file input02.cif (mmCIF, C-alpha atoms and all ligand atoms)
data_run
loop_
_atom_site.label_atom_id
_atom_site.label_comp_id
_atom_site.auth_asym_id
_atom_site.auth_seq_id
_atom_site.Cartn_x
_atom_site.Cartn_y
_atom_site.Cartn_z
CA MET A 1 88.56 119.42 97.81
CA ARG A 2 90.15 121.39 100.64
CA THR A 3 93.32 120.37 102.46
CA ARG A 4 95.22 121.68 105.46
CA ALA A 5 98.77 122.55 104.54
CA ALA A 6 101.87 124.35 105.77
CA VAL A 7 102.67 126.78 102.96
CA ALA A 8 106.01 128.42 102.23
CA PHE A 9 104.76 131.78 100.93
CA ALA A 10 108.27 133.26 100.74
CA ALA A 11 111.89 132.32 101.44
CA LYS A 12 113.16 132.75 105.02
CA GLN A 13 109.59 133.12 106.39
CA PRO A 14 107.94 130.63 108.75
CA LEU A 15 105.48 128.24 107.10
CA GLU A 16 101.83 129.29 107.39
CA ILE A 17 99.06 126.79 108.13
CA VAL A 18 96.17 127.44 105.76
CA GLU A 19 93.40 125.59 103.91
CA LEU A 20 94.23 125.09 100.25
CA ASP A 21 92.10 124.04 97.33
CA LEU A 22 93.29 120.77 95.84
CA GLU A 23 92.16 119.48 92.47
CA GLY A 24 91.64 115.71 92.20
CA PRO A 25 93.96 113.34 90.35
CA ARG A 26 94.13 113.51 86.55
CA ALA A 27 95.14 110.62 84.25
CA GLY A 28 98.04 108.63 85.70
CA GLU A 29 97.83 110.44 89.05
CA VAL A 30 96.76 109.49 92.58
CA LEU A 31 95.38 111.41 95.54
CA VAL A 32 97.19 110.49 98.76
CA GLU A 33 96.19 111.32 102.33
CA ILE A 34 99.51 112.02 104.02
CA MET A 35 99.49 110.52 107.52
CA ALA A 36 102.98 111.59 108.60
CA THR A 37 105.94 113.50 107.20
CA GLY A 38 109.51 113.99 108.31
CA ILE A 39 111.33 117.31 108.06
CA CYS A 40 114.60 116.87 106.15
CA HIS A 41 117.43 119.37 106.01
CA THR A 42 116.66 119.79 102.30
CA ASP A 43 113.27 121.31 103.20
CA ALA A 44 115.09 123.82 105.41
CA TYR A 45 117.63 124.56 102.69
CA THR A 46 114.86 125.35 100.20
CA LEU A 47 112.91 127.41 102.73
CA ASP A 48 116.10 129.34 103.50
CA GLY A 49 116.31 130.37 99.83
CA LEU A 50 119.47 128.32 99.18
CA ASP A 51 117.99 126.03 96.48
CA SER A 52 118.54 127.16 92.90
CA GLU A 53 115.27 125.42 92.02
CA GLY A 54 113.37 126.85 95.02
CA LEU A 55 109.93 128.25 94.18
CA PHE A 56 107.43 130.22 96.25
CA PRO A 57 104.64 129.99 97.20
CA SER A 58 104.92 126.23 97.53
CA VAL A 59 104.04 123.28 99.71
CA LEU A 60 107.37 121.78 100.84
CA GLY A 61 107.93 118.31 102.33
CA HIS A 62 109.21 115.18 100.59
CA GLU A 63 109.49 112.52 103.35
CA GLY A 64 105.95 111.25 103.82
CA ALA A 65 103.79 108.18 104.17
CA GLY A 66 100.06 107.90 103.59
CA ILE A 67 97.08 106.17 102.05
CA VAL A 68 95.84 106.32 98.46
CA ARG A 69 92.32 107.80 98.55
CA GLU A 70 91.51 108.18 94.84
CA VAL A 71 93.12 107.25 91.53
CA GLY A 72 92.87 109.00 88.17
CA PRO A 73 92.09 107.34 84.83
CA GLY A 74 94.56 104.68 83.71
CA VAL A 75 96.17 104.07 87.11
CA THR A 76 96.85 100.34 87.53
CA SER A 77 99.69 99.86 90.02
CA VAL A 78 97.93 101.20 93.15
CA ALA A 79 94.34 101.41 94.37
CA PRO A 80 92.41 103.33 97.03
CA GLY A 81 93.38 102.05 100.48
CA ASP A 82 96.96 101.15 99.56
CA HIS A 83 99.63 102.43 101.92
CA VAL A 84 102.32 104.34 100.04
CA ILE A 85 105.47 106.41 100.35
CA PRO A 86 105.77 109.37 97.92
CA LEU A 87 108.91 109.30 95.78
CA TYR A 88 110.85 112.41 94.85
CA THR A 89 112.88 110.09 92.66
CA PRO A 90 110.16 108.27 90.71
CA GLU A 91 110.62 105.00 88.86
CA CYS A 92 108.81 104.87 85.50
CA ARG A 93 110.64 101.70 84.34
CA GLN A 94 110.46 103.02 80.76
CA CYS A 95 112.82 105.99 80.34
CA LYS A 96 116.41 105.69 79.13
CA SER A 97 117.73 106.05 82.68
CA CYS A 98 115.40 103.44 84.19
CA LEU A 99 116.14 101.01 81.35
CA SER A 100 119.90 101.56 81.61
CA GLY A 101 120.10 99.67 84.88
CA LYS A 102 122.90 102.12 85.75
CA THR A 103 121.05 104.75 87.76
CA ASN A 104 117.98 105.44 89.86
CA LEU A 105 117.61 108.94 88.36
CA CYS A 106 114.39 108.41 86.38
CA THR A 107 113.93 111.27 83.92
CA ALA A 108 110.25 110.74 83.06
CA ILE A 109 108.96 113.79 84.97
CA ARG A 110 112.13 115.53 86.23
CA ALA A 111 111.66 118.69 84.12
CA THR A 112 108.17 119.57 85.38
CA GLN A 113 109.02 118.41 88.92
CA GLY A 114 111.85 120.94 89.08
CA LYS A 115 109.40 123.67 88.07
CA GLY A 116 106.98 122.81 90.88
CA LEU A 117 104.40 121.38 88.47
CA MET A 118 102.66 118.10 87.74
CA PRO A 119 103.75 116.29 84.54
CA ASP A 120 101.04 118.05 82.48
CA GLY A 121 102.56 121.42 83.43
CA THR A 122 99.85 122.53 85.86
CA THR A 123 99.53 122.65 89.65
CA ARG A 124 96.82 120.94 91.71
CA PHE A 125 97.17 123.33 94.69
CA SER A 126 95.72 126.83 94.86
CA TYR A 127 95.02 129.44 97.55
CA LYS A 128 92.41 132.13 97.08
CA GLY A 129 92.49 131.35 93.36
CA GLN A 130 96.29 131.70 93.05
CA PRO A 131 98.40 128.65 92.09
CA ILE A 132 100.70 127.15 94.72
CA PHE A 133 103.73 125.16 93.53
CA HIS A 134 104.41 121.50 94.31
CA TYR A 135 107.83 120.60 95.76
CA MET A 136 110.08 117.72 94.68
CA GLY A 137 106.94 116.16 93.23
CA CYS A 138 105.72 115.33 96.75
CA SER A 139 104.47 118.29 98.88
CA THR A 140 104.02 116.19 102.00
CA PHE A 141 103.45 119.25 104.21
CA SER A 142 99.86 119.03 103.00
CA ASN A 143 97.38 116.58 104.54
CA PHE A 144 96.34 115.58 101.00
CA THR A 145 98.53 115.71 97.91
CA VAL A 146 98.42 114.55 94.30
CA LEU A 147 101.28 112.52 92.83
CA PRO A 148 102.00 110.74 89.57
CA GLU A 149 101.45 106.99 89.87
CA ILE A 150 105.14 106.40 89.07
CA ALA A 151 106.03 108.48 92.15
CA VAL A 152 104.50 106.29 94.85
CA ALA A 153 105.88 103.08 96.39
CA LYS A 154 103.33 100.67 97.80
CA ILE A 155 104.36 99.46 101.26
CA ARG A 156 103.07 96.88 103.77
CA GLU A 157 100.07 97.98 105.81
CA ASP A 158 101.47 97.05 109.23
CA ALA A 159 104.31 99.60 108.96
CA PRO A 160 103.58 102.62 111.21
CA PHE A 161 103.30 105.86 109.23
CA GLN A 162 105.10 107.88 111.91
CA THR A 163 108.34 105.97 111.43
CA SER A 164 108.13 104.56 107.90
CA CYS A 165 107.76 108.08 106.44
CA TYR A 166 111.51 108.45 107.15
CA VAL A 167 112.13 105.82 104.45
CA GLY A 168 110.81 108.45 102.01
CA CYS A 169 114.17 110.23 102.26
CA GLY A 170 116.60 109.96 105.19
CA VAL A 171 116.75 106.22 105.78
CA THR A 172 116.89 105.25 102.11
CA THR A 173 119.41 108.00 101.31
CA GLY A 174 121.82 107.02 104.10
CA VAL A 175 121.53 103.25 103.98
CA GLY A 176 121.30 103.26 100.17
CA ALA A 177 124.45 105.37 99.81
CA VAL A 178 126.32 102.55 101.55
CA VAL A 179 124.73 99.49 99.97
CA ASN A 180 123.78 100.76 96.48
CA THR A 181 126.26 103.54 95.68
CA ALA A 182 129.45 102.68 97.58
CA LYS A 183 128.71 98.96 97.85
CA VAL A 184 130.72 98.84 101.08
CA ALA A 185 132.26 95.40 101.69
CA VAL A 186 132.83 93.52 104.94
CA GLY A 187 135.80 95.00 106.80
CA ASP A 188 135.96 98.29 104.86
CA THR A 189 136.97 101.47 106.68
CA ILE A 190 134.54 104.36 106.34
CA ILE A 191 134.30 107.96 107.52
CA VAL A 192 130.98 109.80 107.78
CA PHE A 193 131.01 113.61 107.95
CA GLY A 194 127.83 114.97 109.60
CA LEU A 195 125.87 112.72 111.96
CA GLY A 196 122.36 114.08 111.50
CA GLY A 197 119.28 112.51 109.98
CA ILE A 198 121.25 111.25 106.97
CA GLY A 199 124.66 110.52 108.52
CA LEU A 200 123.26 108.25 111.23
CA ASN A 201 121.61 106.20 108.49
CA VAL A 202 124.95 105.95 106.68
CA LEU A 203 126.36 104.61 109.96
CA GLN A 204 123.67 101.96 110.32
CA GLY A 205 124.07 101.08 106.62
CA ALA A 206 127.79 100.56 107.24
CA ARG A 207 127.04 98.37 110.26
CA LEU A 208 124.61 96.33 108.13
CA ALA A 209 127.25 95.95 105.41
CA GLY A 210 129.80 94.71 107.96
CA ALA A 211 132.22 97.64 107.69
CA GLY A 212 135.25 97.44 110.00
CA MET A 213 136.32 100.84 111.28
CA ILE A 214 133.40 103.30 111.18
CA VAL A 215 134.51 106.86 111.94
CA GLY A 216 132.02 109.67 112.56
CA VAL A 217 132.94 113.37 112.28
CA ASP A 218 130.71 116.12 113.65
CA ILE A 219 131.13 119.55 115.22
CA ASN A 220 128.21 118.84 117.59
CA PRO A 221 129.63 116.86 120.56
CA ASP A 222 126.18 115.40 121.34
CA ARG A 223 126.42 113.44 118.12
CA GLU A 224 129.10 111.11 119.57
CA GLU A 225 126.55 109.23 121.66
CA TRP A 226 124.13 109.15 118.72
CA GLY A 227 126.78 107.79 116.40
CA ARG A 228 127.86 105.02 118.77
CA ARG A 229 124.24 103.88 118.98
CA PHE A 230 124.21 103.17 115.24
CA GLY A 231 127.55 101.43 114.79
CA MET A 232 130.19 104.19 114.87
CA THR A 233 133.48 102.89 116.32
CA HIS A 234 135.45 106.19 116.47
CA PHE A 235 134.32 109.82 116.85
CA VAL A 236 136.22 112.94 115.80
CA ASN A 237 135.08 116.46 116.63
CA PRO A 238 137.01 118.76 114.24
CA ARG A 239 136.98 121.45 116.95
CA ASP A 240 139.01 119.17 119.24
CA VAL A 241 141.67 118.41 116.61
CA SER A 242 144.65 120.70 117.07
CA GLY A 243 146.28 120.20 113.65
CA ASP A 244 144.93 119.45 110.20
CA LEU A 245 141.70 117.39 110.25
CA VAL A 246 142.51 115.46 107.07
CA GLN A 247 145.95 114.44 108.34
CA HIS A 248 144.38 113.37 111.61
CA LEU A 249 141.80 111.19 109.82
CA VAL A 250 144.36 109.70 107.43
CA ALA A 251 146.56 108.74 110.39
CA LEU A 252 143.59 107.32 112.32
CA THR A 253 142.55 105.13 109.38
CA ASP A 254 146.03 103.87 108.40
CA GLY A 255 146.31 105.88 105.18
CA GLY A 256 142.72 106.95 104.61
CA ALA A 257 139.27 105.42 104.30
CA ASP A 258 137.96 103.06 101.67
CA TYR A 259 134.82 105.20 101.56
CA THR A 260 133.90 108.61 102.96
CA PHE A 261 130.48 110.23 102.93
CA ASP A 262 129.63 113.92 103.12
CA CYS A 263 126.32 114.40 104.94
CA THR A 264 126.74 118.11 105.69
CA GLY A 265 126.22 119.95 102.38
CA ASN A 266 129.29 122.09 103.20
CA THR A 267 131.69 122.26 100.24
CA ASP A 268 134.76 122.65 102.50
CA VAL A 269 133.76 119.44 104.27
CA MET A 270 133.28 117.75 100.87
CA ARG A 271 136.95 118.52 100.10
CA GLN A 272 138.05 117.12 103.47
CA ALA A 273 136.00 113.99 102.77
CA LEU A 274 137.69 113.47 99.38
CA GLU A 275 141.15 114.03 100.79
CA ALA A 276 140.56 111.66 103.72
CA CYS A 277 140.16 108.78 101.22
CA HIS A 278 142.90 106.20 100.82
CA ARG A 279 145.45 106.93 98.09
CA GLY A 280 144.97 104.64 95.09
CA TRP A 281 141.38 103.60 95.62
CA GLY A 282 139.35 105.53 98.22
CA THR A 283 135.98 106.86 97.09
CA SER A 284 134.18 109.85 98.54
CA ILE A 285 130.43 110.04 98.14
CA ILE A 286 128.66 113.40 98.26
CA ILE A 287 125.21 113.18 99.80
CA GLY A 288 124.93 116.71 101.20
CA VAL A 289 123.19 119.33 99.08
CA ALA A 290 125.22 122.52 98.73
CA GLU A 291 123.71 125.97 98.53
CA ALA A 292 123.21 127.68 95.17
CA GLY A 293 126.45 129.05 93.74
CA LYS A 294 128.81 126.84 95.79
CA GLU A 295 131.41 124.71 94.00
CA ILE A 296 133.74 121.92 95.09
CA SER A 297 137.51 122.02 94.60
CA THR A 298 140.61 119.99 95.29
CA ARG A 299 144.05 119.57 93.75
CA PRO A 300 143.68 117.35 90.66
CA PHE A 301 146.62 115.37 92.12
CA GLN A 302 144.12 113.94 94.63
CA LEU A 303 142.32 112.24 91.72
CA VAL A 304 145.50 111.46 89.77
CA THR A 305 146.59 109.48 92.79
CA GLY A 306 143.50 107.33 92.71
CA ARG A 307 140.88 108.96 94.89
CA ASN A 308 137.37 109.04 93.39
CA TRP A 309 134.60 111.59 93.78
CA ARG A 310 130.99 110.47 93.41
CA GLY A 311 127.53 111.58 94.45
CA THR A 312 124.23 109.93 95.20
CA ALA A 313 120.58 110.97 95.20
CA PHE A 314 118.03 109.04 97.26
CA GLY A 315 120.79 106.54 98.06
CA GLY A 316 120.77 105.20 94.51
CA ALA A 317 117.46 103.51 95.34
CA LYS A 318 114.88 102.69 92.68
CA GLY A 319 111.84 103.87 94.59
CA ARG A 320 109.02 101.52 93.64
CA THR A 321 111.34 98.50 93.76
CA ASP A 322 113.59 99.26 96.74
CA VAL A 323 111.47 101.32 99.17
CA PRO A 324 109.09 98.43 100.06
CA LYS A 325 112.17 96.28 100.76
CA ILE A 326 113.68 98.92 103.06
CA VAL A 327 110.38 99.10 104.95
CA ASP A 328 110.65 95.30 105.31
CA TRP A 329 114.21 95.66 106.66
CA TYR A 330 112.84 98.06 109.27
CA MET A 331 109.87 95.86 110.19
CA ASN A 332 112.15 92.78 110.39
CA GLY A 333 114.65 94.57 112.67
CA LYS A 334 117.56 94.73 110.20
CA ILE A 335 117.63 98.52 110.52
CA GLU A 336 116.38 100.90 113.20
CA ILE A 337 114.20 103.95 112.78
CA ASP A 338 112.29 104.55 116.02
CA PRO A 339 115.12 106.08 118.11
CA MET A 340 115.91 108.61 115.38
CA ILE A 341 112.41 110.08 115.50
CA THR A 342 113.23 112.47 118.32
CA HIS A 343 110.20 114.77 118.02
CA VAL A 344 106.59 114.21 116.94
CA LEU A 345 104.70 117.41 116.14
CA SER A 346 101.29 118.53 114.96
CA LEU A 347 101.09 120.43 111.66
CA GLU A 348 100.45 123.64 113.65
CA ASP A 349 103.88 123.18 115.28
CA ILE A 350 105.82 122.41 112.08
CA ASN A 351 108.02 125.50 112.40
CA LYS A 352 109.32 124.14 115.72
CA GLY A 353 110.71 121.20 113.74
CA PHE A 354 112.83 123.60 111.67
CA ASP A 355 114.00 125.40 114.83
CA LEU A 356 114.99 122.10 116.48
CA MET A 357 116.98 121.10 113.39
CA HIS A 358 118.83 124.41 113.23
CA ALA A 359 119.61 124.19 116.96
CA GLY A 360 121.06 120.67 116.49
CA GLU A 361 118.52 119.32 118.99
CA SER A 362 116.63 116.88 116.77
CA ILE A 363 117.60 113.99 114.57
CA ARG A 364 114.22 113.77 112.85
CA SER A 365 111.08 115.69 113.66
CA VAL A 366 107.96 114.09 112.23
CA VAL A 367 104.64 115.84 111.72
CA VAL A 368 101.62 113.61 112.27
CA TYR A 369 98.34 114.75 110.71
P1 LIG A 401 121.02 117.46 109.69
O1 LIG A 401 120.91 118.90 109.96
O2 LIG A 401 120.15 116.52 110.43
O3 LIG A 401 122.53 116.97 109.93
C1 LIG A 401 123.66 117.67 109.52
C2 LIG A 401 124.81 117.30 110.47
O4 LIG A 401 126.03 117.85 109.96
C3 LIG A 401 124.62 117.86 111.88
O5 LIG A 401 124.82 116.83 112.85
C4 LIG A 401 125.69 118.94 111.98
O6 LIG A 401 126.18 119.13 113.30
C5 LIG A 401 126.77 118.38 111.06
N1 LIG A 401 127.71 119.37 110.56
C6 LIG A 401 127.45 120.64 110.13
N2 LIG A 401 128.60 121.25 109.76
C7 LIG A 401 129.59 120.35 109.94
C8 LIG A 401 131.00 120.39 109.73
N3 LIG A 401 131.60 121.48 109.26
N4 LIG A 401 131.71 119.27 110.00
C9 LIG A 401 131.11 118.16 110.48
N5 LIG A 401 129.78 118.07 110.72
C10 LIG A 401 129.03 119.15 110.44
O7 LIG A 401 120.79 117.28 108.12
P2 LIG A 401 120.35 115.94 107.33
O8 LIG A 401 118.87 115.88 107.24
O9 LIG A 401 121.13 114.80 107.88
O10 LIG A 401 120.89 116.30 105.86
C11 LIG A 401 122.28 116.33 105.61
C12 LIG A 401 122.56 116.80 104.20
O11 LIG A 401 122.12 115.82 103.26
C13 LIG A 401 121.82 118.09 103.82
O12 LIG A 401 122.68 118.86 102.99
C14 LIG A 401 120.63 117.58 103.02
O13 LIG A 401 120.13 118.57 102.15
C15 LIG A 401 121.29 116.44 102.27
N6 LIG A 401 120.42 115.38 101.74
C16 LIG A 401 120.75 114.85 100.52
C17 LIG A 401 120.02 113.79 99.99
C18 LIG A 401 120.41 113.18 98.68
O14 LIG A 401 119.61 112.42 98.12
N7 LIG A 401 121.59 113.43 98.16
C19 LIG A 401 118.91 113.31 100.70
C20 LIG A 401 118.61 113.88 101.93
C21 LIG A 401 119.37 114.91 102.45
N1 LIG A 402 117.37 121.47 93.61
C1 LIG A 402 118.78 121.49 93.95
C2 LIG A 402 119.32 120.11 94.19
C3 LIG A 402 118.66 119.42 95.34
C4 LIG A 402 119.08 117.99 95.33
O1 LIG A 402 120.23 117.64 94.97
N2 LIG A 402 118.20 117.12 95.73
C5 LIG A 402 118.49 115.72 95.87
C6 LIG A 402 117.59 115.15 96.89
S1 LIG A 402 117.77 115.91 98.47
C7 LIG A 402 116.63 115.09 99.37
O2 LIG A 402 116.63 115.54 100.62
C8 LIG A 402 118.20 114.95 94.56
O3 LIG A 402 117.49 113.98 94.51
N3 LIG A 402 118.82 115.37 93.52
C9 LIG A 402 118.60 114.81 92.21
C10 LIG A 402 117.56 115.56 91.46
O4 LIG A 402 117.26 115.16 90.33
O5 LIG A 402 117.05 116.57 91.99
C11 LIG A 402 119.59 122.27 92.93
O6 LIG A 402 120.80 122.35 93.13
O7 LIG A 402 118.98 122.77 91.97
ZN ZN A 403 115.37 114.77 102.14
#
call {"tool": "encode", "arguments": {"input": "input02.cif", "output": "structure tokens", "more": "lines below"}}
Ligand code: NAD
Ligand code: AHE
Ligand code: ZN
result
Amino acid sequence: MRTRAAVAFAAKQPLEIVELDLEGPRAGEVLVEIMATGICHTDAYTLDGLDSEGLFPSVLGHEGAGIVREVGPGVTSVAPGDHVIPLYTPECRQCKSCLSGKTNLCTAIRATQGKGLMPDGTTRFSYKGQPIFHYMGCSTFSNFTVLPEIAVAKIREDAPFQTSCYVGCGVTTGVGAVVNTAKVAVGDTIIVFGLGGIGLNVLQGARLAGAGMIVGVDINPDREEWGRRFGMTHFVNPRDVSGDLVQHLVALTDGGADYTFDCTGNTDVMRQALEACHRGWGTSIIIGVAEAGKEISTRPFQLVTGRNWRGTAFGGAKGRTDVPKIVDWYMNGKIEIDPMITHVLSLEDINKGFDLMHAGESIRSVVVY
């Protein structure tokens, strides 16, 4: 079949809207009509050539929602007509990682996914006879895409695509980092660095978990109002702090936070986040994705004296199990999504979404097909 898609032909170039050829689903795969997709900072990072796994030409996008249109041989867990969210972290329920009960990082198809291919080592997309790579196993910047069955979560049919697509990455990552990874307890003090599409969801996760002091840190002053809307109790703009930011935060939080979260992808900020943790027990959780070649550092004494450094992918969520529940939380009013969708665009205007993100003007831009 043919599908309209925004293709990343090369790094640092705007996406181009073209018609691609798309092969139908093979065994264990499903064809999904994507109805809406968010634009996450990770898409921008890959397009900017900062991802060590970045491949071109490819169809980016990993934050979608849509409808199953066709299933390949052997598919049993979904059927045509089902509403689904694509999962860049699949859940096979059979691999060592899934069976461990200790992680959401399913390994069933990770190797081929990182190479821009389907599990059988081939690509379903092509343009003028040339193969086009998949991205994060999702490629939601295409109106139709093919996914392994283990990489779709079936969701309720009354959830609007335009907002529930955000559960495919940002919402689950932010809220999940708080409830699954950190396991924030009632009354805990937290600091969130970076109040964008992910950080605001960390804030609302912290509110849901009953955190006490919820500090937001961002260099964009407009983010203060945004943060307060989602549960932030204190705002710090590093540019307004005259002395050392870490000392300022440690003083503000009576010795440091129980949990800090990096939602910037900046390795200097990651160090600040670790060092703003409380001596003896504070844990810093890295969510941000750093550019290829960057490394984190701190004095080992920071860890000797009881601070912990951790990371999280997709908020520690097991996609097929947890994503439908998070959509329920949204539909039942436990968490908010609608106000964070600041811009709704057509596929033709997708590059505007990247511009808005870089200008700090959007929280989430969503493309509706
Ligand atoms: P975003 O662009 O919407 O937000 C980033 C925010 O960080 C902005 O508000 C910006 O002003 C702020 N910021 C930038 N530099 C800062 C600094 N030095 N100090 C304080 N604040 C600063 O991006 P997003 O979509 O929220 O994504 C955030 C990060 O999370 C990205 O690195 C993205 O790749 C990553 N991410 C990781 C996962 C995961 O599973 N681990 C999932 C989604 C996104
Ligand atoms: N490909 C990069 C790493 C990118 C990365 O860390 N991705 C996150 C999700 S970001 C979503 O917006 C993730 O899930 N990581 C776990 C995984 O298995 O990819 C690199 O550094 O090579
Ligand atoms: Zn993302």
call {"tool": "residues_near_ligand", "arguments": {"input": "input02.cif", "ligand": "ligand ZN 403 (chain A)", "cutoff": "7 Å", "atoms": "all atoms listed in the file", "output": "PyMOL selection string"}}
result
chain A and resi 40-43+62-63+169-170
call {"tool": "closest_residue", "arguments": {"input": "input02.cif", "among": "A:Thr233, A:Ser77, A:Asn220, A:Gln247", "to": "ligand LIG 401 (chain A)", "atoms": "only C-alpha atoms and all ligand atoms"}}
result
A:Asn220
call {"tool": "atom_distance", "arguments": {"input": "input02.cif", "atom1": "atom CA of A:Tyr259", "atom2": "atom CA of A:Lys96"}}
result
29.0 Å
call {"tool": "closest_residue", "arguments": {"input": "input02.cif", "among": "A:Phe9, A:Phe161, A:Tyr330, A:Tyr88", "to": "ligand LIG 401 (chain A)", "atoms": "all atoms listed in the file"}}
result
A:Tyr88
call {"tool": "residues_around", "arguments": {"input": "input02.cif", "residues": "A:Leu105", "least_positions_apart": "2", "cutoff": "8 Å", "atoms": "all atoms listed in the file", "output": "PyMOL selection string"}}
result
chain A and resi 89-90+97-98+103+107+313+316
call {"tool": "closest_atom_pairs", "arguments": {"input": "input02.cif", "of": "chain A", "to": "ligand LIG 401 (chain A)", "cutoff": "8 Å", "atoms": "all atoms listed in the file", "output": "tab-separated table"}}
result
residue	atom	partner	partner_atom	distance
A:Ile39	CA	A:LIG401	O8	7.7
A:Cys40	CA	A:LIG401	O8	4.5
A:His41	CA	A:LIG401	O8	4.0
A:Thr42	CA	A:LIG401	O13	3.7
A:Asp43	CA	A:LIG401	O13	7.5
A:Ala44	CA	A:LIG401	O13	8.0
A:Tyr45	CA	A:LIG401	O13	6.5
A:Cys169	CA	A:LIG401	C20	5.8
A:Gly170	CA	A:LIG401	C20	5.5
A:Thr173	CA	A:LIG401	C19	5.4
A:Gly174	CA	A:LIG401	C19	7.7
A:Phe193	CA	A:LIG401	C9	5.2
A:Gly194	CA	A:LIG401	O4	3.4
A:Leu195	CA	A:LIG401	O5	4.3
A:Gly196	CA	A:LIG401	O3	3.3
A:Gly197	CA	A:LIG401	O9	3.6
A:Ile198	CA	A:LIG401	O9	3.7
A:Gly199	CA	A:LIG401	O9	5.6
A:Leu200	CA	A:LIG401	O9	7.7
A:Val217	CA	A:LIG401	C9	5.4
A:Asp218	CA	A:LIG401	N5	3.6
A:Ile219	CA	A:LIG401	N5	4.9
A:Asn220	CA	A:LIG401	O6	4.8
A:Arg223	CA	A:LIG401	O5	6.5
A:Asn237	CA	A:LIG401	C9	7.5
A:Pro238	CA	A:LIG401	N4	6.8
A:Asp262	CA	A:LIG401	C12	7.7
A:Cys263	CA	A:LIG401	C12	4.5
A:Thr264	CA	A:LIG401	O4	4.3
A:Gly265	CA	A:LIG401	O12	3.8
A:Asn266	CA	A:LIG401	N3	6.5
A:Asp268	CA	A:LIG401	N3	7.6
A:Val269	CA	A:LIG401	N3	5.8
A:Ile286	CA	A:LIG401	N7	7.1
A:Ile287	CA	A:LIG401	N7	4.0
A:Gly288	CA	A:LIG401	O12	3.6
A:Val289	CA	A:LIG401	O12	4.0
A:Ala290	CA	A:LIG401	O12	6.2
A:Gly311	CA	A:LIG401	N7	7.2
A:Thr312	CA	A:LIG401	N7	5.3
A:Ala313	CA	A:LIG401	O14	3.4
A:Phe314	CA	A:LIG401	O14	3.8
A:Gly315	CA	A:LIG401	O14	6.0
A:Met357	CA	A:LIG401	O1	5.7
A:His358	CA	A:LIG401	O1	6.7
A:Gly360	CA	A:LIG401	O6	6.2
A:Ser362	CA	A:LIG401	O2	7.3
A:Ile363	CA	A:LIG401	O2	5.5
A:Arg364	CA	A:LIG401	O2	7.0
call {"tool": "closest_residue", "arguments": {"input": "input02.cif", "among": "A:Ala36, A:Val59, A:Val175, A:Cys106", "to": "ligand LIG 402 (chain A)", "atoms": "all atoms listed in the file"}}
result
A:Cys106
call {"tool": "residues_around", "arguments": {"input": "input02.cif", "residues": "A:Gly137", "least_positions_apart": "4", "cutoff": "9 Å", "atoms": "all atoms listed in the file", "output": "number ranges by chain"}}
result
A: 62, 86-90, 109-110, 112-114, 116-118, 146-148, 151
call {"tool": "atom_distance", "arguments": {"input": "input02.cif", "atom1": "atom CA of A:Thr3", "atom2": "atom CA of A:Lys318"}}
result
29.5 Å
call {"tool": "closest_residue", "arguments": {"input": "input02.cif", "among": "A:Pro131, A:Gly282, A:Gly216, A:Pro221", "to": "A:Ala182", "atoms": "only C-alpha atoms"}}
result
A:Gly282
call {"tool": "atom_distance", "arguments": {"input": "input02.cif", "atom1": "atom CA of A:Val202", "atom2": "atom CA of A:Leu47"}}
result
24.9 Å
call {"tool": "residues_around", "arguments": {"input": "input02.cif", "residues": "A:Arg320", "least_positions_apart": "4", "cutoff": "9 Å", "atoms": "only C-alpha atoms", "output": "list in words"}}
result
Leu87, Pro90, Glu91, Cys92, Ile150, Ala151, Val152, Ala153, Lys154 and Pro324 of chain A
call {"tool": "closest_residue", "arguments": {"input": "input02.cif", "among": "A:Trp329, A:Arg279, A:Gly187, A:Lys128", "to": "A:Val250", "atoms": "only C-alpha atoms"}}
result
A:Arg279
call {"tool": "residues_around", "arguments": {"input": "input02.cif", "residues": "A:Gly210", "least_positions_apart": "2", "cutoff": "9 Å", "atoms": "all atoms listed in the file", "output": "PyMOL selection string"}}
result
chain A and resi 184-188+205-208+212
call {"tool": "closest_residue", "arguments": {"input": "input02.cif", "among": "A:Val84, A:Ile337, A:Leu245, A:Val30", "to": "A:Gly72", "atoms": "all atoms listed in the file"}}
result
A:Val30
call {"tool": "residues_around", "arguments": {"input": "input02.cif", "residues": "A:Pro300", "least_positions_apart": "3", "cutoff": "12 Å", "atoms": "only C-alpha atoms", "output": "ChimeraX atom specification"}}
result
/A:271,274-275,296-297,303-309
call {"tool": "build_atoms", "arguments": {"input": "input02.cif", "residues": "stretch 174-178 of chain A", "atoms": "N, CA and C atoms", "output": "tab-separated table (two decimals), in the coordinates of the input"}}
result
chain	number	residue	atom	x	y	z
A	174	GLY	N	120.62	107.39	103.34
A	174	GLY	CA	121.82	107.02	104.10
A	174	GLY	C	122.20	105.57	103.90
A	175	VAL	N	121.24	104.69	104.11
A	175	VAL	CA	121.53	103.25	103.98
A	175	VAL	C	121.86	102.93	102.52
A	176	GLY	N	121.08	103.53	101.60
A	176	GLY	CA	121.30	103.26	100.17
A	176	GLY	C	122.67	103.74	99.68
A	177	ALA	N	123.14	104.87	100.22
A	177	ALA	CA	124.45	105.37	99.81
A	177	ALA	C	125.54	104.33	100.09
A	178	VAL	N	125.34	103.58	101.16
A	178	VAL	CA	126.32	102.55	101.55
A	178	VAL	C	126.16	101.29	100.70
